[in-house]
Each structure stands twice: as structure tokens, then as C-alpha cells.
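Visitor: Quick one, model_39.cif (mmCIF, C-alpha atoms):
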```
data_start
#
loop_
_atom_site.label_atom_id
_atom_site.label_comp_id
_atom_site.auth_asym_id
_atom_site.auth_seq_id
_atom_site.Cartn_x
_atom_site.Cartn_y
_atom_site.Cartn_z
CA MET A 1 -5.78 -23.34 3.03
CA ASP A 2 -2.37 -22.95 1.49
CA PHE A 3 -1.09 -19.83 -0.13
CA LYS A 4 1.99 -19.10 -2.20
CA LEU A 5 3.34 -16.07 -4.01
CA ASP A 6 5.88 -16.40 -6.81
CA VAL A 7 7.63 -13.23 -7.85
CA VAL A 8 9.53 -12.91 -11.13
CA GLU A 9 11.55 -9.70 -11.27
CA GLU A 10 13.24 -8.39 -14.41
CA THR A 11 14.51 -4.91 -15.17
CA GLY A 12 11.52 -2.61 -14.97
CA LYS A 13 9.08 -5.51 -14.75
CA VAL A 14 7.58 -7.52 -11.93
CA GLN A 15 5.23 -10.44 -12.27
CA ALA A 16 3.69 -11.69 -9.03
CA ILE A 17 1.72 -14.93 -9.29
CA LEU A 18 -0.73 -15.52 -6.46
CA GLN A 19 -1.72 -19.07 -5.70
CA GLY A 20 -4.22 -20.62 -3.31
CA GLU A 21 -6.59 -19.10 -0.78
CA ILE A 22 -6.32 -15.54 0.48
CA ASP A 23 -8.11 -15.06 3.79
CA ALA A 24 -7.48 -13.71 7.29
CA TYR A 25 -4.74 -16.29 7.82
CA THR A 26 -2.83 -15.94 4.56
CA ALA A 27 -3.41 -12.23 3.79
CA PRO A 28 -0.69 -11.07 6.23
CA VAL A 29 1.77 -13.41 4.48
CA LEU A 30 0.81 -11.93 1.12
CA ARG A 31 1.14 -8.39 2.51
CA GLU A 32 4.63 -9.09 3.82
CA GLN A 33 5.80 -10.62 0.54
CA LEU A 34 4.33 -7.82 -1.58
CA ASP A 35 6.02 -5.28 0.70
CA GLY A 36 9.34 -6.88 -0.23
CA ILE A 37 8.95 -6.01 -3.92
CA SER A 38 10.87 -2.88 -4.85
CA ILE A 39 9.00 -0.51 -7.14
CA SER A 40 10.57 2.45 -8.88
CA GLU A 41 9.42 5.00 -11.43
CA GLY A 42 7.97 3.21 -14.46
CA THR A 43 8.08 -0.33 -13.03
CA GLN A 44 5.43 -2.49 -14.69
CA VAL A 45 3.73 -4.76 -12.21
CA GLU A 46 1.43 -7.66 -13.00
CA LEU A 47 -0.53 -9.39 -10.25
CA ASN A 48 -1.63 -12.71 -11.73
CA PHE A 49 -4.73 -14.27 -10.10
CA SER A 50 -5.05 -17.35 -12.32
CA ASN A 51 -4.47 -19.76 -9.43
CA VAL A 52 -6.42 -17.96 -6.72
CA ASN A 53 -9.35 -20.13 -5.72
CA TYR A 54 -10.61 -18.09 -2.79
CA MET A 55 -10.33 -14.48 -1.68
CA ASP A 56 -12.30 -12.26 0.68
CA SER A 57 -12.05 -8.71 2.04
CA THR A 58 -8.82 -9.46 3.90
CA GLY A 59 -7.20 -10.13 0.52
CA LEU A 60 -8.84 -7.10 -1.08
CA SER A 61 -7.35 -4.86 1.64
CA VAL A 62 -3.85 -6.14 0.91
CA ILE A 63 -4.32 -5.73 -2.84
CA VAL A 64 -5.63 -2.17 -2.35
CA ALA A 65 -2.63 -1.29 -0.16
CA PHE A 66 -0.14 -2.73 -2.67
CA TYR A 67 -1.91 -1.08 -5.60
CA LYS A 68 -1.65 2.29 -3.85
CA SER A 69 2.00 1.78 -3.05
CA VAL A 70 2.87 0.91 -6.68
CA VAL A 71 1.04 3.97 -7.98
CA ALA A 72 2.63 6.18 -5.29
CA ASN A 73 6.07 5.02 -6.42
CA GLY A 74 5.37 5.86 -10.05
CA GLY A 75 4.84 2.29 -11.23
CA ASP A 76 2.11 0.77 -13.38
CA ILE A 77 0.02 -2.10 -12.10
CA VAL A 78 -2.45 -4.48 -13.69
CA LEU A 79 -4.44 -7.32 -12.13
CA THR A 80 -4.67 -10.22 -14.58
CA CYS A 81 -6.39 -13.55 -15.10
CA LEU A 82 -9.22 -13.03 -12.61
CA SER A 83 -11.94 -15.66 -12.64
CA GLU A 84 -15.53 -14.46 -13.01
CA ARG A 85 -15.95 -15.09 -9.29
CA LEU A 86 -13.00 -12.91 -8.34
CA LYS A 87 -14.01 -10.23 -10.80
CA ARG A 88 -17.42 -10.14 -9.11
CA LEU A 89 -15.75 -9.36 -5.76
CA PHE A 90 -14.02 -6.36 -7.34
CA ASP A 91 -17.30 -5.35 -9.03
CA ILE A 92 -19.35 -5.48 -5.82
CA THR A 93 -16.81 -3.42 -3.92
CA GLY A 94 -16.50 -0.85 -6.72
CA LEU A 95 -12.80 -1.53 -7.23
CA THR A 96 -13.26 -2.48 -10.90
CA ASP A 97 -13.84 1.20 -11.72
CA ILE A 98 -10.72 2.32 -9.90
CA MET A 99 -8.24 -0.43 -10.72
CA ASN A 100 -6.70 -1.77 -13.89
CA ILE A 101 -8.19 -5.27 -14.17
CA GLU A 102 -8.09 -7.94 -16.88
CA VAL A 103 -10.45 -10.89 -16.68
CA ARG A 104 -9.24 -14.41 -17.26
CA LYS A 105 -9.49 -15.33 -20.90
CA VAL A 106 -11.63 -18.41 -21.01
CA ILE A 107 -12.60 -20.20 -24.17
CA SER A 108 -16.34 -20.70 -23.93
CA ASN A 109 -17.89 -24.02 -24.84
CA ASN A 110 -19.19 -22.62 -28.10
CA GLU A 111 -15.79 -21.43 -29.20
CA ARG A 112 -14.15 -24.70 -28.31
CA ILE A 113 -16.10 -26.69 -30.91
CA MET B 1 -40.26 -33.09 13.38
CA ARG B 2 -38.13 -29.95 13.26
CA GLU B 3 -38.11 -28.18 9.94
CA PHE B 4 -34.36 -27.78 9.96
CA ASP B 5 -31.14 -29.54 10.86
CA TYR B 6 -28.80 -27.62 13.13
CA MET B 7 -25.06 -27.91 13.48
CA GLU B 8 -22.64 -25.93 15.58
CA MET B 9 -18.88 -25.42 15.61
CA ARG B 10 -16.83 -23.80 18.33
CA VAL B 11 -13.46 -22.71 17.06
CA PRO B 12 -10.59 -20.93 18.79
CA ALA B 13 -10.47 -17.25 17.82
CA LYS B 14 -7.41 -17.77 15.62
CA THR B 15 -7.25 -16.96 11.93
CA GLN B 16 -5.90 -20.40 10.97
CA TYR B 17 -9.35 -21.83 11.70
CA VAL B 18 -11.27 -19.51 9.36
CA GLY B 19 -10.43 -21.75 6.40
CA VAL B 20 -11.46 -24.90 8.27
CA ALA B 21 -14.83 -23.41 9.23
CA ARG B 22 -15.29 -22.19 5.64
CA LEU B 23 -14.69 -25.68 4.31
CA ALA B 24 -17.31 -27.15 6.67
CA ILE B 25 -19.85 -24.44 5.77
CA SER B 26 -19.18 -25.02 2.09
CA GLY B 27 -20.04 -28.70 2.58
CA LEU B 28 -23.26 -27.83 4.41
CA ALA B 29 -24.29 -25.33 1.72
CA ASN B 30 -23.71 -28.00 -0.88
CA ARG B 31 -25.96 -30.34 1.10
CA VAL B 32 -28.77 -27.77 1.08
CA GLY B 33 -28.50 -27.67 -2.71
CA PHE B 34 -27.08 -24.24 -3.48
CA SER B 35 -25.54 -23.49 -6.86
CA TYR B 36 -21.77 -23.19 -7.20
CA ASP B 37 -21.98 -19.39 -7.19
CA ASP B 38 -24.24 -19.27 -4.15
CA ILE B 39 -21.92 -21.60 -2.24
CA GLU B 40 -19.04 -19.24 -3.02
CA ASP B 41 -21.14 -16.31 -1.73
CA VAL B 42 -21.94 -18.17 1.49
CA LYS B 43 -18.25 -19.08 1.95
CA ILE B 44 -17.16 -15.45 1.65
CA ALA B 45 -19.95 -14.06 3.86
CA ALA B 46 -19.31 -16.64 6.58
CA SER B 47 -15.55 -16.07 6.45
CA GLU B 48 -16.08 -12.33 6.77
CA ALA B 49 -18.25 -12.77 9.85
CA ILE B 50 -15.83 -15.21 11.46
CA THR B 51 -12.84 -12.98 10.64
CA ASN B 52 -14.65 -10.00 12.18
CA ALA B 53 -15.40 -11.99 15.30
CA ILE B 54 -11.78 -13.06 15.63
CA GLN B 55 -10.15 -9.73 14.81
CA HIS B 56 -12.42 -7.26 16.57
CA ALA B 57 -13.87 -9.11 19.48
CA TYR B 58 -10.71 -10.69 20.72
CA ALA B 59 -8.21 -7.95 20.01
CA ASP B 60 -6.84 -8.13 23.54
CA LYS B 61 -7.60 -11.70 24.51
CA GLU B 62 -5.82 -14.85 23.45
CA ASP B 63 -8.23 -17.56 24.53
CA GLY B 64 -11.40 -16.43 22.81
CA GLU B 65 -13.79 -18.69 21.03
CA VAL B 66 -16.13 -18.14 18.09
CA VAL B 67 -19.37 -20.07 17.83
CA ILE B 68 -20.71 -20.82 14.36
CA GLY B 69 -24.21 -22.23 14.08
CA CYS B 70 -25.72 -23.46 10.82
CA ALA B 71 -29.39 -24.25 10.32
CA LEU B 72 -30.18 -26.15 7.13
CA TYR B 73 -33.70 -25.81 5.77
CA LYS B 74 -35.21 -27.19 2.60
CA ASP B 75 -34.92 -23.84 0.81
CA LYS B 76 -32.47 -21.79 2.85
CA MET B 77 -29.48 -21.80 5.13
CA GLU B 78 -29.06 -19.69 8.23
CA ILE B 79 -25.63 -19.03 9.63
CA MET B 80 -25.02 -17.52 13.02
CA VAL B 81 -21.60 -16.30 14.06
CA ALA B 82 -21.21 -15.31 17.69
CA ASP B 83 -18.37 -14.10 19.82
CA TYR B 84 -18.49 -13.24 23.46
CA GLY B 85 -15.86 -10.56 23.35
CA ARG B 86 -16.20 -6.81 23.00
CA SER B 87 -19.24 -5.61 21.15
CA PHE B 88 -19.22 -3.00 18.43
CA LYS B 89 -21.84 -0.56 17.26
CA PHE B 90 -23.03 -2.12 14.02
CA GLU B 91 -24.85 0.95 12.71
CA GLU B 92 -21.82 3.12 13.43
CA VAL B 93 -19.50 0.68 11.73
CA LYS B 94 -21.87 0.34 8.81
CA GLU B 95 -21.73 4.04 8.10
CA LYS B 96 -17.98 3.89 7.72
CA VAL B 97 -17.98 0.98 5.30
CA GLY B 98 -19.34 0.39 1.85
CA PRO B 99 -18.25 0.16 -1.76
CA TYR B 100 -15.65 2.35 -3.38
CA HIS B 101 -16.62 5.04 -5.85
CA GLU B 102 -15.19 5.65 -9.27
CA GLU B 103 -14.21 9.20 -8.53
CA GLU B 104 -12.06 8.14 -5.60
CA ASP B 105 -8.38 8.70 -6.16
CA VAL B 106 -6.27 5.56 -5.84
CA GLN B 107 -4.15 7.25 -3.20
CA PHE B 108 -7.08 7.81 -0.89
CA ILE B 109 -9.03 4.59 -1.11
CA ARG B 110 -9.58 2.79 2.16
CA GLU B 111 -7.76 -0.43 2.90
CA GLY B 112 -10.34 -2.09 5.08
CA GLY B 113 -13.91 -2.11 6.28
CA LEU B 114 -15.33 -4.17 3.44
CA GLY B 115 -16.24 -7.25 5.45
CA LEU B 116 -19.67 -6.14 6.64
CA TYR B 117 -20.48 -4.65 3.28
CA LEU B 118 -19.70 -7.95 1.56
CA ILE B 119 -21.84 -9.92 4.02
CA GLU B 120 -24.80 -7.67 3.23
CA SER B 121 -24.17 -7.87 -0.51
CA LEU B 122 -23.76 -11.64 -0.68
CA MET B 123 -26.48 -12.82 1.70
CA ASP B 124 -30.25 -12.30 1.44
CA GLU B 125 -30.85 -11.29 5.06
CA VAL B 126 -28.43 -10.05 7.70
CA LYS B 127 -29.18 -9.26 11.31
CA VAL B 128 -26.75 -8.21 13.99
CA LEU B 129 -27.42 -8.62 17.67
CA ASN B 130 -25.30 -6.59 20.03
CA ASP B 131 -25.63 -8.10 23.46
CA ASN B 132 -22.72 -9.33 25.53
CA GLY B 133 -20.67 -9.73 22.35
CA VAL B 134 -21.76 -9.65 18.75
CA THR B 135 -23.89 -12.18 16.95
CA VAL B 136 -24.36 -12.00 13.19
CA PHE B 137 -27.31 -13.89 11.71
CA MET B 138 -27.36 -14.33 7.97
CA THR B 139 -29.67 -16.14 5.61
CA LYS B 140 -29.27 -17.32 2.06
CA PHE B 141 -32.22 -18.66 0.10
CA VAL B 142 -31.88 -21.33 -2.53
CA SER B 143 -33.04 -19.94 -5.86
CA ARG B 144 -36.19 -21.56 -7.25
CA GLU B 145 -34.64 -23.78 -9.95
CA GLN B 146 -32.14 -25.14 -7.47
CA VAL B 147 -34.89 -26.11 -5.02
CA ASN B 148 -36.56 -28.17 -7.69
CA ASP B 149 -33.32 -29.74 -8.83
CA HIS B 150 -32.28 -30.79 -5.37
CA ALA B 151 -35.63 -31.24 -3.66
CA GLU B 152 -34.67 -34.76 -2.65
CA THR B 153 -31.32 -33.78 -1.15
CA ILE B 154 -32.58 -33.28 2.39
CA SER B 155 -35.38 -35.24 3.92
CA PHE B 156 -36.96 -34.04 7.13
#
```
Let me see the file written as C-alpha cells.
Guide:
Amino acid sequence: MDFKLDVVEETGKVQAILQGEIDAYTAPVLREQLDGISISEGTQVELNFSNVNYMDSTGLSVIVAFYKSVVANGGDIVLTCLSERLKRLFDITGLTDIMNIEVRKVISNNERI
Amino acid sequence: MREFDYMEMRVPAKTQYVGVARLAISGLANRVGFSYDDIEDVKIAASEAITNAIQHAYADKEDGEVVIGCALYKDKMEIMVADYGRSFKFEEVKEKVGPYHEEEDVQFIREGGLGLYLIESLMDEVKVLNDNGVTVFMTKFVSREQVNDHAETISF
């Protein structure tokens, strides 16, 4: 039930690492923390989902709002390291076609041998 | 003997309990014998229904309660989420929600209203009863292979 957001800010670059479960309880916390990130023209933003083990529509709403705000401020944003499960949520809701999304790179069992 | 086992939870209409209810439902879905992916679907659908109940039905009340009922069958799970707060017009709400479309401009995409759409996408059957509050009934069937794999999991 815990959630944490780590933000690494460098000149022109922001990496936000989401961790834990994003639901009705934690989504407002995420929204508030994302609102605190300053975005200017050309800022490159990465939202890293590698440690997100649960997310529902409350999380999607926050991500959509942040995505819009980055684009409105002239920044670039990419969602990275989504698990197949998370990717499916974006697929079902049609967001995959609108957003810049990179799926988690997983070495399949075949490749591992 | 009854053909299903029934369990019920009554939780305060506060968002901090959504995760607790989700964890319990996840355990029950596992007991029925759902696959990992199906359990994740059930978790999201149930959370959406509970979140809806909390956020919409008790917008102006602090002491509301949400009732979550789970019926476990050999080949399916039924989840009922009921609130006794304000009711909403499901069909009306449904028209305003749904997936996004590719041609939508980022600046104009909606920031909410996906909960009901997700419930309908992730569950096999969804029914909404609007009577003195809102009750959402949803059913998920265990896919054939899973039934065979876990046939011994529940004995009635």
C-alpha cells in the first residue's frame, strides 16, 4: 500500500521514479509531487514505472494530467519500463496511441540461455 | 449444499481501505484458481468499483460505509460493491466515459472517467443496480485450462 516518488533533476532533464502502488489513496500524493516538478521549454522528462506493482484509473488520471502539463510547457515526456501488465492498462484505455511509452526490457527465458 | 462460498467486508468509505480490500479480494481470487493476469484484472476492477463508491457516493458524508461481497464458485467469482449514498445514472455516466482515441490531441484528453470503462473491460459481466445507492455486480470466469489445473482447490 506504500508509494514513493524519487525525482532526479538535472539541467534540462528530469527523471521521476515511481515506486509501489498507485490507487485512490496514493494518487493524490503522486499528483502533488509531480506538480512540484518545474518544466520549461525543452525539458526532457522520464517517468520510470519499473517499480510500480499496481496502478488503476486513479493513477492514469494523474499521469494524463502531468503528461498534458509537460507538453503544454514545451517539454518532452516518455513513460519507461512499464511491465506488460501496466502496458495493457494503457492499451485498453487507448493511451498507448497518444503517449510516448517504452515497455520494460525483459530478457525472455529463451534469450537467457 | 450451496454451490458457492460467500464472504463480505464492510469498510469505511475512506481511500486508505481500498488497498486493504484489494489485498483480500486478491487472496480470494487466488483461492478460486484464477491465473496471475486474471487476478490482476479482478484487483483493478474491484478497486475501481470501491473507489467509485467512496468518491461519488459519499462526497458530502464522512461516515459512509462500502459493502463488498464476494461469492466464490468453482469456475467463477462474483463481486458486489454497494454503497448506500447518492445514486448516479449509470447509463448517463457510461456515455461520458470510454477509451481515448488516437486522434485526440494531448491537450484535450480527459483526466478521469475511466473507472467504469475499466471494470467493463476487465470483467466478463457487469451489472449496476441503482436503488437507494449504487450496487455494482461483476463476474469473472476462470478460463478453461485454469479450472482443470485447480479443480481441487475448492471443495463444496
Visitor: Extract, using all atoms listed in the file, all DNA, RNA and protein residues at most 12 Å from Tyr54 of chain A, discarding same-chain residues fewer than 5 positions from it, and format them as a ChimeraX atom specification.
Guide: /A:1-3,18-24,26-27,49,59-60,82-87,89 /B:19,22-23,39-41,43-44,47
Visitor: With C-alpha atoms retained, export the selected residues as a tab-separated table (two decimals), keeping the file's coordinate frame.
Guide:
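Output file out.tsv follows:
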```tsv
chain	number	residue	atom	x	y	z
A	1	MET	CA	-5.78	-23.34	3.03
A	2	ASP	CA	-2.37	-22.95	1.49
A	3	PHE	CA	-1.09	-19.83	-0.13
A	18	LEU	CA	-0.73	-15.52	-6.46
A	19	GLN	CA	-1.72	-19.07	-5.70
A	20	GLY	CA	-4.22	-20.62	-3.31
A	21	GLU	CA	-6.59	-19.10	-0.78
A	22	ILE	CA	-6.32	-15.54	0.48
A	23	ASP	CA	-8.11	-15.06	3.79
A	24	ALA	CA	-7.48	-13.71	7.29
A	26	THR	CA	-2.83	-15.94	4.56
A	27	ALA	CA	-3.41	-12.23	3.79
A	49	PHE	CA	-4.73	-14.27	-10.10
A	59	GLY	CA	-7.20	-10.13	0.52
A	60	LEU	CA	-8.84	-7.10	-1.08
A	82	LEU	CA	-9.22	-13.03	-12.61
A	83	SER	CA	-11.94	-15.66	-12.64
A	84	GLU	CA	-15.53	-14.46	-13.01
A	85	ARG	CA	-15.95	-15.09	-9.29
A	86	LEU	CA	-13.00	-12.91	-8.34
A	87	LYS	CA	-14.01	-10.23	-10.80
A	89	LEU	CA	-15.75	-9.36	-5.76
B	19	GLY	CA	-10.43	-21.75	6.40
B	22	ARG	CA	-15.29	-22.19	5.64
B	23	LEU	CA	-14.69	-25.68	4.31
B	39	ILE	CA	-21.92	-21.60	-2.24
B	40	GLU	CA	-19.04	-19.24	-3.02
B	41	ASP	CA	-21.14	-16.31	-1.73
B	43	LYS	CA	-18.25	-19.08	1.95
B	44	ILE	CA	-17.16	-15.45	1.65
B	47	SER	CA	-15.55	-16.07	6.45
```
Visitor: What is the atom CA of Ser40 of chain A to atom CA of Gly75 of chain A distance in Å?
Guide: 6.2 Å
Visitor: The PyMOL selection byres ((chain B and resi 14) around 9) - which residues does that actually catch in the file I just gave you? List them as number ranges by chain.
Guide: A: 25; B: 11-13, 15-18, 51, 54-55, 62-65
Visitor: Here is a test: counting only C-alpha atoms, which residue of B:Val134, B:Ile68, B:Leu28, B:Leu118 is nearest to chain A?
Guide: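 Between B:Val134, B:Ile68, B:Leu28, B:Leu118, the residue approaching chain A most closely is B:Leu118.
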Visitor: With 7 Å as the limit and counting only C-alpha atoms, what residues in chain A lie close to chain B? Please list them as a JSON list (two decimals) with C-alpha atoms, in the coordinates of the input.
Guide:
```
[["chain", "number", "residue", "atom", "x", "y", "z"],
["A", 1, "MET", "CA", -5.78, -23.34, 3.03],
["A", 24, "ALA", "CA", -7.48, -13.71, 7.29],
["A", 25, "TYR", "CA", -4.74, -16.29, 7.82],
["A", 56, "ASP", "CA", -12.30, -12.26, 0.68],
["A", 57, "SER", "CA", -12.05, -8.71, 2.04],
["A", 61, "SER", "CA", -7.35, -4.86, 1.64],
["A", 64, "VAL", "CA", -5.63, -2.17, -2.35],
["A", 65, "ALA", "CA", -2.63, -1.29, -0.16],
["A", 68, "LYS", "CA", -1.65, 2.29, -3.85],
["A", 93, "THR", "CA", -16.81, -3.42, -3.92],
["A", 94, "GLY", "CA", -16.50, -0.85, -6.72],
["A", 95, "LEU", "CA", -12.80, -1.53, -7.23],
["A", 97, "ASP", "CA", -13.84, 1.20, -11.72],
["A", 98, "ILE", "CA", -10.72, 2.32, -9.90]]
```
Visitor: Which value, in Å to one decimal, gives the distance between atom CA of Glu78 of chain B and atom CA of Phe137 of chain B?
Guide: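 Computed distance, atom CA of Glu78 of chain B to atom CA of Phe137 of chain B, equals 7.0 Å.
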Visitor: Distance atom CA of Cys70 of chain B-atom CA of Met7 of chain B, one decimal place?
Guide: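 If I compute the distance from atom CA of Cys70 of chain B to atom CA of Met7 of chain B, I get 5.2 Å.
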Visitor: Could you tell me, as a ChimeraX atom specification, which residues have any atom at most 10 Å from (5.0, 4.1, -16.0), counting only C-alpha atoms?
Guide: /A:12,40-45,71,73-77
Visitor: Now that the selection is made, can you save its residues with C-alpha atoms as a tab-separated table (two decimals), in the coordinates of the input?
Guide:
```tsv
chain	number	residue	atom	x	y	z
A	12	GLY	CA	11.52	-2.61	-14.97
A	40	SER	CA	10.57	2.45	-8.88
A	41	GLU	CA	9.42	5.00	-11.43
A	42	GLY	CA	7.97	3.21	-14.46
A	43	THR	CA	8.08	-0.33	-13.03
A	44	GLN	CA	5.43	-2.49	-14.69
A	45	VAL	CA	3.73	-4.76	-12.21
A	71	VAL	CA	1.04	3.97	-7.98
A	73	ASN	CA	6.07	5.02	-6.42
A	74	GLY	CA	5.37	5.86	-10.05
A	75	GLY	CA	4.84	2.29	-11.23
A	76	ASP	CA	2.11	0.77	-13.38
A	77	ILE	CA	0.02	-2.10	-12.10
```
Visitor: Find the residues with any atom within 12 Å of (8.7, -13.5, -13.4); use all atoms listed in the file and the coordinates as given in the file, and write the answer as a PDB file with C-alpha atoms, in the coordinates of the input.
Guide:
```
ATOM      1  CA  LEU A   5       3.340 -16.070  -4.010  1.00  0.00           C
ATOM      2  CA  ASP A   6       5.880 -16.400  -6.810  1.00  0.00           C
ATOM      3  CA  VAL A   7       7.630 -13.230  -7.850  1.00  0.00           C
ATOM      4  CA  VAL A   8       9.530 -12.910 -11.130  1.00  0.00           C
ATOM      5  CA  GLU A   9      11.550  -9.700 -11.270  1.00  0.00           C
ATOM      6  CA  GLU A  10      13.240  -8.390 -14.410  1.00  0.00           C
ATOM      7  CA  THR A  11      14.510  -4.910 -15.170  1.00  0.00           C
ATOM      8  CA  GLY A  12      11.520  -2.610 -14.970  1.00  0.00           C
ATOM      9  CA  LYS A  13       9.080  -5.510 -14.750  1.00  0.00           C
ATOM     10  CA  VAL A  14       7.580  -7.520 -11.930  1.00  0.00           C
ATOM     11  CA  GLN A  15       5.230 -10.440 -12.270  1.00  0.00           C
ATOM     12  CA  ALA A  16       3.690 -11.690  -9.030  1.00  0.00           C
ATOM     13  CA  ILE A  17       1.720 -14.930  -9.290  1.00  0.00           C
ATOM     14  CA  LEU A  18      -0.730 -15.520  -6.460  1.00  0.00           C
ATOM     15  CA  GLN A  44       5.430  -2.490 -14.690  1.00  0.00           C
ATOM     16  CA  VAL A  45       3.730  -4.760 -12.210  1.00  0.00           C
ATOM     17  CA  GLU A  46       1.430  -7.660 -13.000  1.00  0.00           C
ATOM     18  CA  LEU A  47      -0.530  -9.390 -10.250  1.00  0.00           C
ATOM     19  CA  ASN A  48      -1.630 -12.710 -11.730  1.00  0.00           C
TER      20      ASN A  48
END
```
Visitor: Write out as a count of residues only each polymer residue whose atoms come within 8 Å of Lys127 of chain B, counting all atoms listed in the file; drop sequence neighbours fewer than 2 positions from it.
Guide: 5
Visitor: List as a list in words the protein and nucleic acid residues near Asp35 of chain A, meaning an atom at most 10 Å away when only C-alpha atoms are counted, but skip any in the same chain fewer than 5 places from it.
Guide: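 Once the nearby chain positions are removed, what remains is Val29, Leu30, Val62, Ala65, Phe66 and Ser69 of chain A.
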